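Chemist: Below you will find the structure I want to go over with you.
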Amino acid sequence: MSDSYSLLILPGDGIGPEVMAEVVKVIDWFGANRGMSFDISEGLVGGASYDAHGTPLTDETMARAQAVDAVLLGAVGGPKYDVLDFSVKPERGLLRLRKEMDLYANLRPAQCFDALADFSSLKRDVVAGLDILIVRELTSGVYFGEPRGIHSDGNNPDNEGGRVGINTQRYTSGEIRRVARSAFELARRRGNKVCSMEKANVMESGILWREEVQWVHDNEYSDVDLTHMYADNGAMQLVRNPRQFDVIVTDNLFGDLLSDAAAMLTGSLGMLPSASLGAPMANGRPKAMYEPVHGSAPDIAGQGRANPIACILSFAMALRYSFDEGQAASDLERAVERVLADGVRTADLMGPEGGTPVTTSQMGDRIVAALSQG
């Protein structure tokens, strides 16, 4: 019997509850067949929490998130909440979780399953077999730096509109070193290669980034292959030859852009998981939240059309990075791959070649069945 793993499930809004229901099937399978013990609690986040409590995240739910081994989140938001004040929009619940848990390393894998290689906007021979991981610094940089804001610039005769918008790119050595360590640790579990991306040619923060990543490498991870690349070249290389990369580590702004570009290499947002990790807790496991990249898709909510694979693969990431159950994670990923290879498709994956159309629930059932086949 393994240790008991505590997990807070936050289904959220839109298709979140539907895809999360399929993850629960997978969790139950591992509990019944692999001797894993999961202590599961459930809470509200986003619009669902606002509807019930008038806030996108209650203090009680926040406290529970701090106490568990991992948080698994579905999706938040929807048009019905667009009229809310900024302070209580559904997304503020997600941002509070990231901030107060100090989840500074955002992991965005881009893996192209062979059965879906033709869904990519790039040619099959460019993306087939793709398996890269982008590690984005999540809690600092230009999105959080001060000073910021829109200010009067009325005394400048050359400024026609009279205003100036300011955002500050700011990083400390400590912020860079800790996310670099995350990238190197992850690379050791994979292809043992890290490419660090910044703009050291035009930005002082980029020079600092390059120097500090190099310092961490030279002093702590000299066994890992490290290269540096300007982020604009990195974007070009991602669409030219993405398989040259293993782990990419970059700052908040460039990570936002590069991870979304990499997402489309795989052909469907419904396939992409993510993890956000923080510092180790007393039990050695990192603070962690796992969530699919896709949104709440309220236009198809409740119709059984949602693709649950991204949320299921997010749980696979939890198995690997929070629970140290790497074999179980690989087994789950292979089960997904087997189901796709058999031509099983939710609506978003139906292409010209056809396939076997299934509902959200049926896709979950097929993945569980593939797990049982070994």
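A note on labels: chains of the structure tokens are A, B, ... as shown, every chain counts residues from 1, and ligands are counted from 1 in their shown order.
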Enumerate the residues of stretch 71-100 of chain A with a DSSP assignment of helix (DSSP H, G or I), computed from the backbone, and present them as a VMD selection string.

Modeler: chain A and resid 79 to 81 86 to 88 90 to 100

Chemist: Could those selected residues go to a file with all heavy atoms, as a compact mmCIF listing (two decimals), in the first residue's frame?

Modeler:
```
# COMPACT_ATOMS: atom_id res chain seq x y z
N PRO A 79 -19.00 33.87 -20.09
CA PRO A 79 -19.57 35.19 -20.43
C PRO A 79 -20.50 35.76 -19.37
O PRO A 79 -20.58 36.98 -19.22
CB PRO A 79 -20.32 34.91 -21.74
CG PRO A 79 -19.69 33.70 -22.31
CD PRO A 79 -19.25 32.87 -21.14
N LYS A 80 -21.20 34.92 -18.63
CA LYS A 80 -22.16 35.42 -17.64
C LYS A 80 -21.48 36.21 -16.53
O LYS A 80 -22.13 36.97 -15.81
CB LYS A 80 -22.97 34.26 -17.04
CG LYS A 80 -22.16 33.28 -16.22
CD LYS A 80 -23.05 32.20 -15.59
CE LYS A 80 -23.83 32.73 -14.41
NZ LYS A 80 -24.50 31.64 -13.64
N TYR A 81 -20.15 36.05 -16.40
CA TYR A 81 -19.43 36.74 -15.33
C TYR A 81 -18.68 37.97 -15.84
O TYR A 81 -17.96 38.61 -15.07
CB TYR A 81 -18.45 35.78 -14.65
CG TYR A 81 -19.13 34.54 -14.11
CD1 TYR A 81 -18.96 33.30 -14.73
CD2 TYR A 81 -19.95 34.60 -12.99
CE1 TYR A 81 -19.59 32.16 -14.26
CE2 TYR A 81 -20.59 33.47 -12.49
CZ TYR A 81 -20.41 32.25 -13.14
OH TYR A 81 -21.04 31.14 -12.66
N PHE A 86 -13.80 43.61 -11.52
CA PHE A 86 -12.53 42.91 -11.75
C PHE A 86 -12.12 42.09 -10.53
O PHE A 86 -11.57 40.99 -10.65
CB PHE A 86 -11.45 43.93 -12.11
CG PHE A 86 -10.10 43.32 -12.38
CD1 PHE A 86 -9.83 42.66 -13.57
CD2 PHE A 86 -9.09 43.41 -11.42
CE1 PHE A 86 -8.58 42.10 -13.82
CE2 PHE A 86 -7.84 42.86 -11.66
CZ PHE A 86 -7.59 42.20 -12.86
N SER A 87 -12.38 42.62 -9.34
CA SER A 87 -11.90 41.99 -8.10
C SER A 87 -12.57 40.66 -7.81
O SER A 87 -12.05 39.87 -7.02
CB SER A 87 -12.11 42.95 -6.91
OG SER A 87 -13.50 43.19 -6.72
N VAL A 88 -13.73 40.41 -8.42
CA VAL A 88 -14.45 39.16 -8.13
C VAL A 88 -14.70 38.33 -9.40
O VAL A 88 -15.51 37.41 -9.40
CB VAL A 88 -15.79 39.42 -7.41
CG1 VAL A 88 -15.55 39.91 -5.99
CG2 VAL A 88 -16.66 40.40 -8.19
N PRO A 90 -14.12 35.39 -12.07
CA PRO A 90 -13.71 34.02 -11.79
C PRO A 90 -12.21 33.80 -11.82
O PRO A 90 -11.66 33.05 -11.01
CB PRO A 90 -14.41 33.22 -12.89
CG PRO A 90 -15.62 34.03 -13.23
CD PRO A 90 -15.19 35.46 -13.08
N GLU A 91 -11.53 34.47 -12.76
CA GLU A 91 -10.09 34.27 -12.91
C GLU A 91 -9.30 34.72 -11.68
O GLU A 91 -8.17 34.25 -11.45
CB GLU A 91 -9.58 35.03 -14.14
CG GLU A 91 -10.09 34.49 -15.47
CD GLU A 91 -11.55 34.87 -15.77
OE1 GLU A 91 -12.09 35.76 -15.06
OE2 GLU A 91 -12.13 34.29 -16.70
N ARG A 92 -9.89 35.62 -10.88
CA ARG A 92 -9.18 36.06 -9.67
C ARG A 92 -8.99 34.92 -8.68
O ARG A 92 -8.03 34.92 -7.90
CB ARG A 92 -9.93 37.22 -9.00
CG ARG A 92 -10.18 38.44 -9.87
CD ARG A 92 -8.92 38.95 -10.53
NE ARG A 92 -7.93 39.44 -9.57
CZ ARG A 92 -6.72 39.87 -9.90
NH1 ARG A 92 -6.34 39.86 -11.17
NH2 ARG A 92 -5.90 40.29 -8.98
N GLY A 93 -9.89 33.95 -8.71
CA GLY A 93 -9.73 32.78 -7.84
C GLY A 93 -8.50 31.98 -8.22
O GLY A 93 -7.70 31.55 -7.36
N LEU A 94 -8.32 31.77 -9.51
CA LEU A 94 -7.16 31.04 -10.01
C LEU A 94 -5.88 31.79 -9.69
O LEU A 94 -4.88 31.20 -9.22
CB LEU A 94 -7.30 30.84 -11.52
CG LEU A 94 -6.10 30.28 -12.28
CD1 LEU A 94 -5.74 28.91 -11.76
CD2 LEU A 94 -6.41 30.23 -13.77
N LEU A 95 -5.88 33.11 -9.90
CA LEU A 95 -4.68 33.90 -9.64
C LEU A 95 -4.35 33.93 -8.15
O LEU A 95 -3.17 33.93 -7.77
CB LEU A 95 -4.87 35.32 -10.17
CG LEU A 95 -4.98 35.43 -11.70
CD1 LEU A 95 -5.28 36.86 -12.11
CD2 LEU A 95 -3.70 34.95 -12.37
N ARG A 96 -5.36 33.92 -7.30
CA ARG A 96 -5.09 33.89 -5.86
C ARG A 96 -4.43 32.57 -5.46
O ARG A 96 -3.50 32.55 -4.65
CB ARG A 96 -6.39 34.10 -5.07
CG ARG A 96 -6.16 34.15 -3.56
CD ARG A 96 -7.43 34.28 -2.76
NE ARG A 96 -7.15 34.20 -1.33
CZ ARG A 96 -8.07 34.09 -0.38
NH1 ARG A 96 -9.36 34.05 -0.71
NH2 ARG A 96 -7.71 34.00 0.88
N LEU A 97 -4.90 31.48 -6.02
CA LEU A 97 -4.28 30.18 -5.74
C LEU A 97 -2.81 30.21 -6.13
O LEU A 97 -1.93 29.79 -5.35
CB LEU A 97 -5.00 29.07 -6.50
CG LEU A 97 -6.37 28.64 -5.97
CD1 LEU A 97 -7.13 27.85 -7.02
CD2 LEU A 97 -6.19 27.79 -4.71
N ARG A 98 -2.50 30.68 -7.33
CA ARG A 98 -1.11 30.72 -7.78
C ARG A 98 -0.26 31.61 -6.88
O ARG A 98 0.87 31.25 -6.53
CB ARG A 98 -1.05 31.25 -9.22
CG ARG A 98 -1.58 30.29 -10.27
CD ARG A 98 -1.56 30.95 -11.63
NE ARG A 98 -2.02 30.06 -12.70
CZ ARG A 98 -2.26 30.44 -13.94
NH1 ARG A 98 -2.10 31.73 -14.27
NH2 ARG A 98 -2.67 29.59 -14.85
N LYS A 99 -0.81 32.78 -6.51
CA LYS A 99 -0.04 33.75 -5.74
C LYS A 99 0.21 33.27 -4.32
O LYS A 99 1.35 33.27 -3.84
CB LYS A 99 -0.76 35.10 -5.73
CG LYS A 99 -0.03 36.19 -4.94
CD LYS A 99 -0.76 37.51 -5.02
CE LYS A 99 -0.08 38.57 -4.18
NZ LYS A 99 1.32 38.83 -4.59
N GLU A 100 -0.84 32.85 -3.62
CA GLU A 100 -0.69 32.51 -2.21
C GLU A 100 0.01 31.17 -2.01
O GLU A 100 0.64 30.94 -0.97
CB GLU A 100 -2.05 32.55 -1.51
CG GLU A 100 -2.64 33.95 -1.48
CD GLU A 100 -3.83 34.09 -0.54
OE1 GLU A 100 -4.00 33.24 0.36
OE2 GLU A 100 -4.60 35.06 -0.72
```

Chemist: Give one line per residue of stretch 41-93 of chain A that approaches stretch 298-321 of chain A to at most 12 Å, naming the two atoms of the closest pair and their distance in Å to one decimal, counting only C-alpha atoms; sort by chain then ascending residue number and deliver it as CSV.

Modeler:
```
residue,atom,partner,partner_atom,distance
A:Gly47,CA,A:Pro298,CA,11.6
A:Asp69,CA,A:Ala318,CA,9.4
A:Ala70,CA,A:Ala318,CA,7.2
A:Val71,CA,A:Ala318,CA,8.8
A:Leu72,CA,A:Phe315,CA,7.3
A:Leu73,CA,A:Cys311,CA,8.3
A:Gly74,CA,A:Cys311,CA,6.9
A:Ala75,CA,A:Cys311,CA,9.5
A:Val76,CA,A:Pro298,CA,9.8
A:Gly77,CA,A:Pro298,CA,8.4
A:Gly78,CA,A:Pro298,CA,6.1
A:Pro79,CA,A:Pro298,CA,8.0
A:Lys80,CA,A:Pro298,CA,9.5
A:Tyr81,CA,A:Pro298,CA,11.4
```

Chemist: Kindly indicate which residue among A:Lys199, A:Lys287, A:Arg163, A:His217 lies nearest to A:Phe184, using only C-alpha atoms for the distances.

Modeler: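 Among the listed residues, A:His217 lies closest to A:Phe184.
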
Chemist: Under the rule that only C-alpha atoms are counted, which of A:Ile150, A:Leu265, A:Leu226, A:Val19 is the nearest residue to A:Ile132?

Modeler: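 Distance minimum relative to A:Ile132 lands on A:Leu265.
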
Chemist: I'd like the interatomic distance between atom CA of A:Arg334 and atom CA of A:Met350, to a tenth of an Å.

Modeler: 20.4 Å

Chemist: For A:Met271, please output as a PyMOL selection string all residues within 12 Å (counting only C-alpha atoms; exclusion window: fewer than 4 positions along the same chain).

Modeler: chain A and resi 19+108-113+116+119-120+263-267+291-295+306-314+333+336-337+340+345-346+348-349

Chemist: How would the residues just picked look written out with C-alpha atoms as a PDB file, in the first residue's frame?

Modeler:
```pdb
ATOM      1  CA  VAL A  19     -13.965  16.636 -17.606  1.00  0.00           C
ATOM      2  CA  ARG A 108       3.614  23.305 -20.078  1.00  0.00           C
ATOM      3  CA  PRO A 109       4.318  20.068 -21.951  1.00  0.00           C
ATOM      4  CA  ALA A 110       3.779  19.927 -25.698  1.00  0.00           C
ATOM      5  CA  GLN A 111       3.467  16.304 -26.731  1.00  0.00           C
ATOM      6  CA  CYS A 112       2.220  15.229 -30.139  1.00  0.00           C
ATOM      7  CA  PHE A 113       0.558  11.835 -30.121  1.00  0.00           C
ATOM      8  CA  LEU A 116      -3.000  13.289 -33.996  1.00  0.00           C
ATOM      9  CA  PHE A 119      -4.001  17.904 -36.638  1.00  0.00           C
ATOM     10  CA  SER A 120      -0.992  20.165 -36.210  1.00  0.00           C
ATOM     11  CA  ALA A 263       0.512  24.349 -27.829  1.00  0.00           C
ATOM     12  CA  MET A 264      -0.563  24.587 -31.444  1.00  0.00           C
ATOM     13  CA  LEU A 265       2.200  22.221 -32.533  1.00  0.00           C
ATOM     14  CA  THR A 266       0.106  19.437 -31.024  1.00  0.00           C
ATOM     15  CA  GLY A 267      -3.068  20.303 -32.924  1.00  0.00           C
ATOM     16  CA  GLU A 291      -4.988  22.110 -14.718  1.00  0.00           C
ATOM     17  CA  PRO A 292      -5.796  21.681 -18.413  1.00  0.00           C
ATOM     18  CA  VAL A 293      -4.742  24.516 -20.708  1.00  0.00           C
ATOM     19  CA  HIS A 294      -8.183  24.795 -22.325  1.00  0.00           C
ATOM     20  CA  GLY A 295     -10.846  27.172 -21.057  1.00  0.00           C
ATOM     21  CA  ALA A 306     -15.893  18.153 -24.149  1.00  0.00           C
ATOM     22  CA  ASN A 307     -12.550  16.395 -24.491  1.00  0.00           C
ATOM     23  CA  PRO A 308     -11.418  15.187 -21.018  1.00  0.00           C
ATOM     24  CA  ILE A 309      -7.913  14.161 -22.097  1.00  0.00           C
ATOM     25  CA  ALA A 310      -6.153  17.390 -21.064  1.00  0.00           C
ATOM     26  CA  CYS A 311      -7.572  17.096 -17.556  1.00  0.00           C
ATOM     27  CA  ILE A 312      -6.710  13.388 -17.398  1.00  0.00           C
ATOM     28  CA  LEU A 313      -3.156  14.132 -18.525  1.00  0.00           C
ATOM     29  CA  SER A 314      -2.983  16.861 -15.860  1.00  0.00           C
ATOM     30  CA  GLU A 333      -0.232   8.408 -20.900  1.00  0.00           C
ATOM     31  CA  VAL A 336      -4.482   7.720 -23.762  1.00  0.00           C
ATOM     32  CA  GLU A 337      -2.171   7.087 -26.702  1.00  0.00           C
ATOM     33  CA  LEU A 340      -6.322   7.665 -29.797  1.00  0.00           C
ATOM     34  CA  ARG A 345     -12.443  10.718 -30.974  1.00  0.00           C
ATOM     35  CA  THR A 346     -14.345  13.413 -29.118  1.00  0.00           C
ATOM     36  CA  ASP A 348     -12.782  18.341 -31.343  1.00  0.00           C
ATOM     37  CA  LEU A 349     -10.602  15.497 -32.644  1.00  0.00           C
TER      38      LEU A 349
END
```

Chemist: Calculated over only C-alpha atoms, which of the candidates A:Ile27, A:Ala370, A:Leu107, A:Ala115 has the smallest distance to A:Gly354?

Modeler: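 Using only C-alpha atoms, the shortest distance to A:Gly354 belongs to A:Ala115.
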
Chemist: Record the distance separating atom CA of A:Gly149 and atom CA of A:Thr168, expressed in Å with one decimal.

Modeler: 9.6 Å

Chemist: Which parts of stretch 208-334 of chain A does DSSP call strand (DSSP E) when run on the backbone here, written out as a ChimeraX atom specification?

Modeler: /A:225-230,247-250,273-280,286-292
